[in-house]
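Peer 1: File start_34.cif follows (mmCIF, C-alpha atoms and all ligand atoms):
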data_model
loop_
_atom_site.label_atom_id
_atom_site.label_comp_id
_atom_site.auth_asym_id
_atom_site.auth_seq_id
_atom_site.Cartn_x
_atom_site.Cartn_y
_atom_site.Cartn_z
CA MET A 909 1.93 -79.73 -178.59
CA MET A 910 5.07 -77.73 -179.21
CA THR A 911 6.50 -78.61 -182.62
CA SER A 912 9.89 -77.96 -184.16
CA GLU A 913 8.28 -74.90 -185.73
CA LYS A 914 7.70 -73.62 -182.22
CA VAL A 915 10.99 -74.63 -180.57
CA ARG A 916 12.83 -71.38 -180.97
CA ALA A 917 16.04 -70.55 -179.14
CA ILE A 918 16.00 -66.98 -180.45
CA GLU A 919 13.23 -64.51 -181.19
CA TRP A 920 13.47 -60.88 -182.24
CA SER A 921 10.53 -58.97 -180.82
CA GLY A 922 11.09 -55.87 -182.99
CA ASP A 923 13.05 -54.02 -180.36
CA ARG A 924 14.66 -56.65 -178.18
CA LEU A 925 16.16 -60.10 -178.25
CA VAL A 926 14.36 -62.96 -176.55
CA LEU A 927 16.50 -65.99 -175.69
CA LEU A 928 15.29 -69.30 -174.34
CA ASP A 929 17.54 -69.96 -171.34
CA GLN A 930 18.97 -73.33 -172.36
CA ARG A 931 20.76 -73.77 -169.02
CA LEU A 932 17.40 -74.47 -167.39
CA LEU A 933 16.02 -77.06 -169.81
CA PRO A 934 14.38 -79.51 -169.56
CA GLU A 935 13.02 -78.59 -166.11
CA ARG A 936 12.07 -75.00 -166.88
CA THR A 937 11.19 -73.09 -170.04
CA GLU A 938 12.19 -69.51 -169.28
CA TYR A 939 13.19 -66.63 -171.49
CA LEU A 940 15.67 -63.79 -171.06
CA PHE A 941 14.77 -60.43 -172.55
CA ILE A 942 17.85 -58.64 -173.78
CA ASP A 943 18.08 -54.93 -174.60
CA ARG A 944 21.84 -54.40 -174.66
CA CYS A 945 24.68 -55.83 -176.70
CA GLY A 946 26.77 -56.53 -173.57
CA ASP A 947 24.01 -58.71 -172.14
CA ALA A 948 23.88 -60.71 -175.37
CA THR A 949 27.68 -61.18 -175.20
CA ARG A 950 27.31 -62.53 -171.64
CA ALA A 951 24.43 -64.79 -172.67
CA ILE A 952 26.64 -66.38 -175.34
CA ARG A 953 29.59 -66.77 -172.95
CA ASP A 954 27.42 -68.23 -170.17
CA MET A 955 25.65 -70.77 -172.44
CA VAL A 956 22.15 -69.26 -172.25
CA VAL A 957 22.29 -69.69 -176.02
CA ARG A 958 24.72 -72.12 -177.61
CA GLY A 959 25.29 -74.01 -180.86
CA ALA A 960 27.27 -72.41 -183.68
CA PRO A 961 24.49 -71.01 -185.90
CA ALA A 962 22.41 -69.86 -182.90
CA ILE A 963 25.39 -67.97 -181.52
CA GLY A 964 25.86 -66.26 -184.91
CA ILE A 965 22.21 -65.23 -185.13
CA THR A 966 22.23 -63.94 -181.55
CA ALA A 967 25.31 -61.89 -182.39
CA ALA A 968 23.61 -60.40 -185.47
CA TYR A 969 20.70 -59.14 -183.35
CA ALA A 970 23.15 -57.99 -180.65
CA VAL A 971 24.74 -55.73 -183.26
CA VAL A 972 21.31 -54.15 -183.86
CA LEU A 973 21.09 -53.45 -180.11
CA ALA A 974 24.60 -52.01 -180.10
CA ALA A 975 23.84 -49.81 -183.12
CA ARG A 976 20.69 -48.47 -181.48
CA ALA A 977 22.59 -47.55 -178.31
CA HIS A 978 25.52 -45.93 -180.12
CA ILE A 979 23.35 -44.00 -182.59
CA GLY A 980 21.46 -42.63 -179.57
CA ASP A 981 24.54 -41.79 -177.49
CA ASN A 982 26.90 -40.64 -180.18
CA PRO A 983 25.06 -39.79 -183.42
CA GLY A 984 28.12 -38.26 -185.11
CA GLN A 985 30.63 -41.04 -184.33
CA TRP A 986 28.53 -44.15 -183.80
CA ARG A 987 30.17 -46.15 -186.61
CA THR A 988 33.47 -45.87 -184.71
CA SER A 989 32.30 -45.94 -181.10
CA ILE A 990 30.45 -49.24 -181.68
CA ASP A 991 33.66 -51.09 -182.43
CA ALA A 992 34.64 -52.09 -178.86
CA ASP A 993 31.22 -53.72 -178.36
CA LEU A 994 31.58 -55.65 -181.60
CA ARG A 995 35.04 -56.88 -180.67
CA GLN A 996 33.84 -58.17 -177.28
CA LEU A 997 30.86 -59.82 -178.93
CA GLY A 998 33.04 -61.56 -181.53
CA ASP A 999 35.31 -62.89 -178.76
CA ALA A 1000 32.53 -64.27 -176.54
CA ARG A 1001 33.38 -67.85 -177.56
CA PRO A 1002 36.33 -68.80 -179.75
CA THR A 1003 35.50 -71.94 -181.72
CA ALA A 1004 32.16 -71.46 -183.51
CA VAL A 1005 33.17 -69.49 -186.59
CA ASN A 1006 29.53 -68.47 -187.20
CA LEU A 1007 29.98 -65.92 -184.42
CA ARG A 1008 32.79 -64.03 -186.17
CA TRP A 1009 31.12 -64.63 -189.54
CA ALA A 1010 27.95 -62.89 -188.31
CA VAL A 1011 29.81 -60.02 -186.61
CA ASP A 1012 31.90 -59.41 -189.76
CA ARG A 1013 28.79 -59.46 -191.90
CA MET A 1014 27.07 -56.98 -189.61
CA ARG A 1015 30.22 -54.79 -189.61
CA ASN A 1016 29.97 -54.60 -193.42
CA THR A 1017 26.28 -53.82 -193.11
CA ILE A 1018 27.09 -50.94 -190.75
CA ALA A 1019 29.60 -49.61 -193.27
CA MET A 1020 26.99 -49.74 -196.03
CA ALA A 1021 24.06 -48.42 -193.97
CA PRO A 1022 22.59 -45.11 -195.16
CA ASP A 1023 23.01 -42.07 -192.89
CA HIS A 1024 19.25 -41.65 -192.88
CA ASP A 1025 17.61 -44.40 -190.78
CA PRO A 1026 20.59 -46.81 -190.61
CA LEU A 1027 18.92 -48.93 -187.94
CA ASN A 1028 16.24 -50.33 -190.25
CA PHE A 1029 18.92 -51.36 -192.71
CA ILE A 1030 20.95 -53.10 -190.00
CA GLU A 1031 17.92 -54.83 -188.49
CA ALA A 1032 16.90 -56.13 -191.93
CA GLU A 1033 20.29 -57.83 -192.32
CA ALA A 1034 20.05 -59.52 -188.88
CA LYS A 1035 16.57 -60.82 -189.72
CA SER A 1036 17.81 -62.05 -193.06
CA ILE A 1037 20.71 -63.97 -191.43
CA HIS A 1038 18.13 -65.62 -189.16
CA GLN A 1039 15.70 -66.51 -191.96
CA ARG A 1040 18.41 -67.78 -194.27
CA ASP A 1041 19.69 -70.08 -191.52
CA ILE A 1042 16.27 -71.69 -191.15
CA ALA A 1043 15.99 -72.12 -194.94
CA ALA A 1044 19.49 -73.64 -195.06
CA ASN A 1045 18.54 -76.11 -192.33
CA ARG A 1046 15.45 -77.26 -194.21
CA ARG A 1047 17.50 -77.77 -197.37
CA MET A 1048 20.20 -79.70 -195.48
CA GLY A 1049 17.50 -81.77 -193.78
CA ALA A 1050 16.17 -82.88 -197.16
CA LEU A 1051 19.64 -83.51 -198.65
CA GLY A 1052 20.83 -85.49 -195.62
CA ALA A 1053 17.64 -87.54 -195.30
CA ASP A 1054 18.03 -88.60 -198.96
CA LEU A 1055 21.29 -90.29 -198.02
CA LEU A 1056 19.65 -92.56 -195.43
CA ASP A 1057 18.52 -96.07 -196.31
CA GLN A 1058 15.21 -97.42 -195.06
CA ASP A 1059 15.09 -98.46 -191.37
CA ALA A 1060 18.23 -96.53 -190.54
CA SER A 1061 19.63 -96.53 -187.05
CA VAL A 1062 21.34 -93.21 -186.28
CA MET A 1063 23.35 -91.66 -183.45
CA THR A 1064 23.85 -87.97 -182.75
CA HIS A 1065 25.95 -86.05 -180.27
CA CYS A 1066 25.49 -82.78 -178.37
CA ASN A 1067 22.55 -80.73 -179.68
CA ALA A 1068 22.57 -79.64 -183.30
CA GLY A 1069 18.85 -78.98 -183.44
CA ALA A 1070 16.38 -76.11 -183.48
CA LEU A 1071 17.88 -75.05 -180.17
CA ALA A 1072 21.35 -74.69 -181.73
CA THR A 1073 20.23 -72.83 -184.85
CA GLY A 1074 17.62 -70.37 -186.11
CA GLY A 1075 15.18 -73.29 -186.19
CA TYR A 1076 14.81 -76.92 -187.41
CA GLY A 1077 18.46 -77.82 -186.86
CA THR A 1078 21.42 -79.17 -188.83
CA ALA A 1079 22.10 -82.77 -187.71
CA LEU A 1080 18.70 -82.91 -186.01
CA GLY A 1081 17.19 -81.36 -189.15
CA VAL A 1082 18.38 -84.43 -191.08
CA ILE A 1083 17.08 -86.72 -188.34
CA ARG A 1084 13.72 -84.87 -188.28
CA ALA A 1085 13.38 -85.08 -192.05
CA GLY A 1086 14.46 -88.74 -192.09
CA PHE A 1087 12.04 -89.65 -189.31
CA THR A 1088 9.16 -87.80 -191.01
CA ALA A 1089 9.94 -89.68 -194.24
CA GLY A 1090 9.68 -92.96 -192.29
CA LYS A 1091 13.32 -93.89 -192.94
CA ILE A 1092 14.63 -93.92 -189.36
CA LYS A 1093 13.87 -96.77 -186.99
CA GLN A 1094 16.06 -95.79 -184.04
CA ILE A 1095 17.72 -92.61 -182.76
CA PHE A 1096 20.51 -92.70 -180.20
CA ALA A 1097 21.76 -89.54 -178.51
CA GLY A 1098 24.93 -89.32 -176.43
CA GLU A 1099 24.35 -87.46 -173.15
CA THR A 1100 27.33 -85.11 -173.83
CA ARG A 1101 29.13 -84.44 -170.57
CA PRO A 1102 29.65 -81.98 -168.96
CA TRP A 1103 26.82 -79.69 -170.14
CA LEU A 1104 24.56 -82.62 -171.09
CA GLN A 1105 23.34 -81.02 -174.31
CA GLY A 1106 22.33 -84.51 -175.53
CA ALA A 1107 20.37 -85.47 -172.42
CA ARG A 1108 18.89 -82.08 -171.60
CA LEU A 1109 18.41 -80.50 -175.02
CA THR A 1110 18.37 -83.09 -177.83
CA ALA A 1111 16.10 -85.47 -175.94
CA TRP A 1112 13.79 -82.58 -174.97
CA GLU A 1113 13.66 -81.18 -178.46
CA LEU A 1114 12.94 -84.52 -180.16
CA LEU A 1115 10.24 -85.37 -177.64
CA GLN A 1116 8.52 -82.02 -178.33
CA ASP A 1117 7.94 -83.48 -181.80
CA ASP A 1118 7.02 -86.94 -180.46
CA ILE A 1119 10.18 -88.39 -181.97
CA PRO A 1120 11.44 -91.23 -179.76
CA VAL A 1121 15.04 -91.09 -178.60
CA THR A 1122 17.33 -93.41 -176.65
CA LEU A 1123 20.02 -91.76 -174.54
CA LEU A 1124 23.36 -93.33 -173.83
CA PRO A 1125 26.29 -92.37 -171.63
CA ASP A 1126 29.02 -91.08 -173.94
CA SER A 1127 31.18 -94.04 -172.91
CA ALA A 1128 28.60 -96.55 -174.24
CA ALA A 1129 28.91 -95.63 -177.93
CA ALA A 1130 31.31 -98.45 -178.89
CA HIS A 1131 29.17 -101.02 -177.09
CA VAL A 1132 25.98 -99.78 -178.81
CA MET A 1133 27.60 -99.85 -182.24
CA ARG A 1134 28.92 -103.37 -181.74
CA ARG A 1135 25.93 -104.98 -180.04
CA LEU A 1136 22.97 -103.12 -181.54
CA GLY A 1137 24.41 -102.02 -184.87
CA LEU A 1138 24.41 -98.50 -186.26
CA ASP A 1139 24.10 -97.11 -189.80
CA TRP A 1140 25.00 -93.45 -189.32
CA VAL A 1141 26.54 -91.03 -186.86
CA ILE A 1142 25.07 -87.59 -187.71
CA VAL A 1143 26.56 -84.48 -186.09
CA GLY A 1144 26.80 -80.72 -186.55
CA ALA A 1145 29.96 -78.59 -186.60
CA ASP A 1146 31.37 -75.48 -184.98
CA ARG A 1147 33.97 -74.91 -187.66
CA VAL A 1148 35.00 -76.74 -190.81
CA ALA A 1149 38.56 -76.07 -192.04
CA GLY A 1150 39.47 -75.66 -195.70
CA ASN A 1151 40.45 -79.34 -196.02
CA GLY A 1152 37.22 -80.65 -194.42
CA ASP A 1153 38.52 -81.25 -190.87
CA VAL A 1154 35.66 -80.57 -188.44
CA ALA A 1155 35.65 -79.03 -184.96
CA ASN A 1156 32.60 -80.08 -182.99
CA LYS A 1157 31.59 -80.97 -179.43
CA ILE A 1158 34.17 -82.99 -177.50
CA GLY A 1159 33.53 -86.68 -178.17
CA THR A 1160 32.75 -86.23 -181.86
CA TYR A 1161 36.23 -87.42 -182.87
CA SER A 1162 35.84 -90.59 -180.76
CA LEU A 1163 32.52 -91.31 -182.48
CA ALA A 1164 34.15 -90.94 -185.91
CA VAL A 1165 36.87 -93.42 -184.97
CA LEU A 1166 34.29 -95.83 -183.56
CA ALA A 1167 32.05 -95.47 -186.61
CA ARG A 1168 34.94 -96.44 -188.91
CA GLN A 1169 35.71 -99.47 -186.75
CA HIS A 1170 32.08 -100.64 -186.73
CA GLY A 1171 31.11 -99.95 -190.35
CA ALA A 1172 28.78 -97.02 -189.59
CA ARG A 1173 28.94 -93.96 -191.85
CA PHE A 1174 29.73 -90.51 -190.52
CA MET A 1175 27.76 -87.44 -191.67
CA VAL A 1176 28.50 -83.82 -190.73
CA VAL A 1177 25.71 -81.32 -191.37
CA ALA A 1178 26.68 -77.65 -191.38
CA PRO A 1179 25.78 -74.50 -193.32
CA THR A 1180 28.53 -72.84 -195.38
CA SER A 1181 28.69 -70.08 -192.73
CA THR A 1182 30.44 -72.73 -190.56
CA ILE A 1183 33.22 -73.24 -193.13
CA ASP A 1184 36.40 -71.28 -192.43
CA ARG A 1185 38.43 -71.31 -195.61
CA SER A 1186 41.13 -69.16 -194.01
CA LEU A 1187 42.35 -72.29 -192.19
CA ALA A 1188 44.13 -74.95 -194.25
CA ASN A 1189 43.33 -77.68 -191.72
CA GLY A 1190 41.85 -78.35 -188.31
CA ASP A 1191 45.13 -78.00 -186.38
CA ASP A 1192 44.74 -74.23 -186.43
CA ILE A 1193 41.19 -74.14 -185.09
CA GLU A 1194 41.11 -72.46 -181.68
CA LEU A 1195 39.43 -74.92 -179.31
CA GLU A 1196 37.63 -73.50 -176.31
CA GLN A 1197 38.67 -74.65 -172.83
CA ARG A 1198 36.16 -73.98 -170.07
CA ASP A 1199 36.37 -74.02 -166.28
CA GLN A 1200 37.43 -77.35 -164.74
CA GLN A 1201 34.54 -77.04 -162.29
CA GLU A 1202 32.14 -78.00 -165.07
CA VAL A 1203 33.74 -81.48 -165.10
CA LEU A 1204 34.47 -81.76 -161.38
CA SER A 1205 30.77 -81.28 -160.66
CA CYS A 1206 27.51 -82.58 -162.07
CA GLY A 1207 24.09 -80.98 -161.73
CA GLY A 1208 25.56 -78.30 -159.44
CA ARG A 1209 27.03 -80.88 -157.05
CA ARG A 1210 30.72 -81.58 -156.74
CA VAL A 1211 31.46 -85.20 -157.71
CA ALA A 1212 35.27 -85.28 -157.56
CA PRO A 1213 37.38 -85.10 -154.40
CA SER A 1214 38.92 -81.73 -153.67
CA GLY A 1215 42.42 -81.60 -155.13
CA ALA A 1216 41.44 -83.42 -158.34
CA CYS A 1217 42.04 -81.57 -161.60
CA ALA A 1218 40.08 -81.99 -164.82
CA ILE A 1219 40.42 -81.43 -168.54
CA ASN A 1220 37.50 -79.45 -169.88
CA ALA A 1221 38.27 -79.26 -173.59
CA VAL A 1222 34.93 -78.27 -175.07
CA PHE A 1223 35.56 -79.25 -178.69
CA ASP A 1224 37.72 -81.68 -180.64
CA VAL A 1225 38.72 -81.95 -184.28
CA THR A 1226 37.69 -84.87 -186.47
CA PRO A 1227 40.08 -85.38 -189.39
CA ALA A 1228 38.39 -85.18 -192.80
CA GLU A 1229 39.43 -88.72 -193.71
CA LEU A 1230 37.01 -90.09 -191.09
CA ILE A 1231 34.06 -88.14 -192.55
CA ASP A 1232 31.94 -89.81 -195.22
CA CYS A 1233 29.96 -86.75 -196.19
CA LEU A 1234 29.52 -83.10 -195.38
CA VAL A 1235 25.98 -81.86 -195.99
CA THR A 1236 25.63 -78.11 -196.61
CA GLU A 1237 22.81 -75.99 -197.99
CA LYS A 1238 24.82 -75.75 -201.22
CA GLY A 1239 25.07 -79.50 -201.65
CA VAL A 1240 26.70 -82.65 -200.33
CA VAL A 1241 30.47 -83.13 -200.37
CA ASN A 1242 31.35 -86.82 -200.31
CA ALA A 1243 34.68 -87.72 -198.67
CA PRO A 1244 35.38 -84.03 -198.03
CA ASP A 1245 38.78 -82.62 -198.92
CA ALA A 1246 40.18 -79.24 -200.00
CA ALA A 1247 38.93 -79.59 -203.59
CA GLY A 1248 35.44 -80.61 -202.48
CA ILE A 1249 35.20 -77.68 -200.06
CA ARG A 1250 36.46 -75.23 -202.73
CA ALA A 1251 33.87 -76.50 -205.20
CA LEU A 1252 31.08 -75.46 -202.81
CA PHE A 1253 32.08 -71.82 -203.28
CA ASP A 1254 32.70 -71.84 -207.07
O1 LIG B 1 29.13 -75.88 -176.50
P1 LIG B 1 27.96 -75.86 -177.43
O2 LIG B 1 26.70 -76.39 -176.85
O3 LIG B 1 27.80 -74.50 -178.08
O4 LIG B 1 28.40 -76.85 -178.61
C1 LIG B 1 27.53 -77.03 -179.69
C2 LIG B 1 28.00 -78.05 -180.66
O5 LIG B 1 29.07 -78.59 -180.54
C3 LIG B 1 27.12 -78.31 -181.84
O6 LIG B 1 27.27 -79.63 -182.27
C4 LIG B 1 27.54 -77.39 -182.99
O7 LIG B 1 27.59 -76.05 -182.57
C5 LIG B 1 26.64 -77.50 -184.15
S1 LIG B 1 25.07 -76.78 -183.83
C6 LIG B 1 24.10 -76.87 -185.21
#
Would you write the structure of this file as structure tokens?
Peer 2:
Amino acid sequence: MMTSEKVRAIEWSGDRLVLLDQRLLPERTEYLFIDRCGDATRAIRDMVVRGAPAIGITAAYAVVLAARAHIGDNPGQWRTSIDADLRQLGDARPTAVNLRWAVDRMRNTIAMAPDHDPLNFIEAEAKSIHQRDIAANRRMGALGADLLDQDASVMTHCNAGALATGGYGTALGVIRAGFTAGKIKQIFAGETRPWLQGARLTAWELLQDDIPVTLLPDSAAAHVMRRLGLDWVIVGADRVAGNGDVANKIGTYSLAVLARQHGARFMVVAPTSTIDRSLANGDDIELEQRDQQEVLSCGGRRVAPSGACAINAVFDVTPAELIDCLVTEKGVVNAPDAAGIRALFD
């Protein structure tokens, strides 16, 4: 059986990047082998790999590939010539701040790398970003699971699992830890139109671990909360602003409003690399818009009449006042606000 230890979106083979092609799940488990930074940039843009921490880790390894190419092509000027690749990489998707966080970190690593054998130094930093993400997820899993009461019924959205991170997951890390501790009696996952990360990825990933999951159309959340009852909505984040507002997959904001109406609590699970303290609030978070065709079609088949237009806003912002707790690897912030977020970094 494949376990969460084995579900890996990203592997570093020592000289190339191996990405599980998440566009093909759950039907096919296929990997892309990536040797060049530009191919990693495309893989991020085209959703081969997705989820904020996973995008950041992929970018860190992509910088290793870029450094190798530029050191080879331009040994005297590589620290300058690499810059265009890094800029394209950082712009591959706009909302997940982990991407820019990782590229900036790797840029600093390049600046600090010794002239003799810089590549080893740069590779060590990428591996460390990857390993620290997994450790952060395990810590958040334990902290978040502690907050659950016995026999909890939980709902998640999109995929914030091993597939979206270095391994184990953020929101799904909490759900994994809670299930293993025997505290969770029911897990609901929203299907997450249009890419169906909930149906294709979250359900697949949980079932790899024999964790039962019940899918619902995104539009059924209010009905499920009212008729079946729900204790917690548990989601990840693409970016947390300085006041605790959270950008995450489109539909997250609706779930927060519904949770408040139905007496369920709302937990966001995200490492501190997802917090963007340069933004005072969520209004300034750049929210990705993707091609309308993703909404006008389903499973590769057009479902809307020609001439129809669609909104394909990929993320929304949940105001901090609707969030009961933010779980990070540095601790839990209850009722997050600017002071609570600042305290995480003191
Ligand atoms: O468009 P995606 O699939 O990259 O969106 C992913 C999400 O919205 C996740 O919830 C978020 O990145 C947190 S992943 C731990």
Peer 1: CA of Ala1085 (chain A) and CA of Gly1049 (chain A), how far apart in Å?
Peer 2: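 So the two atoms, CA of Gly1049 (chain A) and CA of Ala1085 (chain A), lie 5.6 Å apart.
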Peer 1: Would you pick out the contacts of region 1091-1095 of chain A at 8 Å or less, using only C-alpha atoms, so that residues sharing its chain but fewer than 2 positions from it are not included, and give the list as a count of residues only?
Peer 2: 18
Peer 1: Please identify all polymer residues within 12 Å of Ala1212 (chain A), counting all atoms listed in the file, omitting same-chain residues fewer than 4 positions from it, and present them as a list in words.
Peer 2: Gln1200, Gln1201, Glu1202, Val1203, Leu1204, Ser1205, Cys1206, Ala1216, Cys1217 and Ala1218 of chain A
Peer 1: Which chains and residue numbers are within 7 Å of ligand LIG 1 (chain B), counting all atoms listed in the file, if I want them as a ChimeraX atom specification?
Peer 2: /A:958-961,1004,1065-1069,1072-1073,1077-1079,1105,1143-1146,1156-1157,1178,1222-1223
Peer 1: Keeping only C-alpha atoms, write the selected residues to a file as a PDB file, in the frame of the given file.
Peer 2:
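Wrote it out as selection.pdb, contents follow:
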ATOM      1  CA  ARG A 958      24.720 -72.120-177.610  1.00  0.00           C
ATOM      2  CA  GLY A 959      25.290 -74.010-180.860  1.00  0.00           C
ATOM      3  CA  ALA A 960      27.270 -72.410-183.680  1.00  0.00           C
ATOM      4  CA  PRO A 961      24.490 -71.010-185.900  1.00  0.00           C
ATOM      5  CA  ALA A1004      32.160 -71.460-183.510  1.00  0.00           C
ATOM      6  CA  HIS A1065      25.950 -86.050-180.270  1.00  0.00           C
ATOM      7  CA  CYS A1066      25.490 -82.780-178.370  1.00  0.00           C
ATOM      8  CA  ASN A1067      22.550 -80.730-179.680  1.00  0.00           C
ATOM      9  CA  ALA A1068      22.570 -79.640-183.300  1.00  0.00           C
ATOM     10  CA  GLY A1069      18.850 -78.980-183.440  1.00  0.00           C
ATOM     11  CA  ALA A1072      21.350 -74.690-181.730  1.00  0.00           C
ATOM     12  CA  THR A1073      20.230 -72.830-184.850  1.00  0.00           C
ATOM     13  CA  GLY A1077      18.460 -77.820-186.860  1.00  0.00           C
ATOM     14  CA  THR A1078      21.420 -79.170-188.830  1.00  0.00           C
ATOM     15  CA  ALA A1079      22.100 -82.770-187.710  1.00  0.00           C
ATOM     16  CA  GLN A1105      23.340 -81.020-174.310  1.00  0.00           C
ATOM     17  CA  VAL A1143      26.560 -84.480-186.090  1.00  0.00           C
ATOM     18  CA  GLY A1144      26.800 -80.720-186.550  1.00  0.00           C
ATOM     19  CA  ALA A1145      29.960 -78.590-186.600  1.00  0.00           C
ATOM     20  CA  ASP A1146      31.370 -75.480-184.980  1.00  0.00           C
ATOM     21  CA  ASN A1156      32.600 -80.080-182.990  1.00  0.00           C
ATOM     22  CA  LYS A1157      31.590 -80.970-179.430  1.00  0.00           C
ATOM     23  CA  ALA A1178      26.680 -77.650-191.380  1.00  0.00           C
ATOM     24  CA  VAL A1222      34.930 -78.270-175.070  1.00  0.00           C
ATOM     25  CA  PHE A1223      35.560 -79.250-178.690  1.00  0.00           C
TER      26      PHE A1223
END
Peer 1: Could you jot down the CA of Ala1053 (chain A) to CA of Asn1006 (chain A) separation for me, Å, one decimal place?
Peer 2: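 That distance, rounded to one decimal, is 23.9 Å.
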Peer 1: Considering all atoms listed in the file, give me a table of residues in region 1015-1085 of chain A that are at most 12 Å from region 925-932 of chain A, with the closest atom pair and distance in Å for each, as a tab-separated table.
Peer 2:
residue	atom	partner	partner_atom	distance
A:Glu1031	CA	A:Leu925	CA	11.7
A:Ala1034	CA	A:Leu925	CA	11.3
A:Lys1035	CA	A:Leu925	CA	11.5
A:Asn1067	CA	A:Gln930	CA	11.0
A:Ala1070	CA	A:Leu928	CA	11.5
A:Leu1071	CA	A:Gln930	CA	8.1
A:Ala1072	CA	A:Gln930	CA	9.8
A:Gly1074	CA	A:Leu927	CA	11.4
Peer 1: Using only C-alpha atoms, determine which residues lie at most 9 Å from Met1014 (chain A), disregarding the query and same-chain residues fewer than 6 positions distant; provide the list as a list in words.
Peer 2: Ala967, Ala968, Val971, Val972, Ile1030, Glu1033 and Ala1034 of chain A
Peer 1: Enclose all atoms of region 1029-1046 of chain A listed in the file in an axis-aligned box, grow every side by 5 Å, and hand back centre and edge lengths in Å to one decimal, as lines of an AutoDock Vina configuration file.
Peer 2:
center_x = 18.2
center_y = -64.3
center_z = -191.8
size_x = 15.5
size_y = 35.9
size_z = 16.6
Peer 1: Please write as a PDB file with C-alpha atoms, in the frame of the given file the list of polymer residues whose atoms come within 8 Å of (8.9, -83.0, -170.2), counting all atoms listed in the file and keeping to the coordinates of the file.
Peer 2:
ATOM      1  CA  PRO A 934      14.380 -79.510-169.560  1.00  0.00           C
ATOM      2  CA  GLU A 935      13.020 -78.590-166.110  1.00  0.00           C
ATOM      3  CA  TRP A1112      13.790 -82.580-174.970  1.00  0.00           C
ATOM      4  CA  LEU A1115      10.240 -85.370-177.640  1.00  0.00           C
TER       5      LEU A1115
END
Peer 1: Report, in Å with one decimal, the straight-line distance from CA of Asp943 (chain A) to CA of Gln1116 (chain A).
Peer 2: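 So the two atoms, CA of Asp943 (chain A) and CA of Gln1116 (chain A), lie 29.0 Å apart.
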Peer 1: Pick from A:Arg1135, A:Asn1242, A:Ile965, A:Leu1007: nearest to Arg1040 (chain A), with all atoms listed in the file counted?
Peer 2: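 When distances to Arg1040 (chain A) are compared using all atoms listed in the file, the smallest one comes from A:Ile965.
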Peer 1: Hey, which of A:His1038, A:Arg1047, A:His1024, A:Arg987 ends up closest to Gly1239 (chain A)? Count only C-alpha atoms.
Peer 2: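 Of A:His1038, A:Arg1047, A:His1024, A:Arg987, the one nearest Gly1239 (chain A) is A:Arg1047, counting only C-alpha atoms.
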Peer 1: Of the residues A:Phe941, A:Tyr1076, A:Phe1253, A:Tyr1161, which is the one nearest to Arg1046 (chain A), using only C-alpha atoms?
Peer 2: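 So, comparing all the options, the nearest one is A:Tyr1076.
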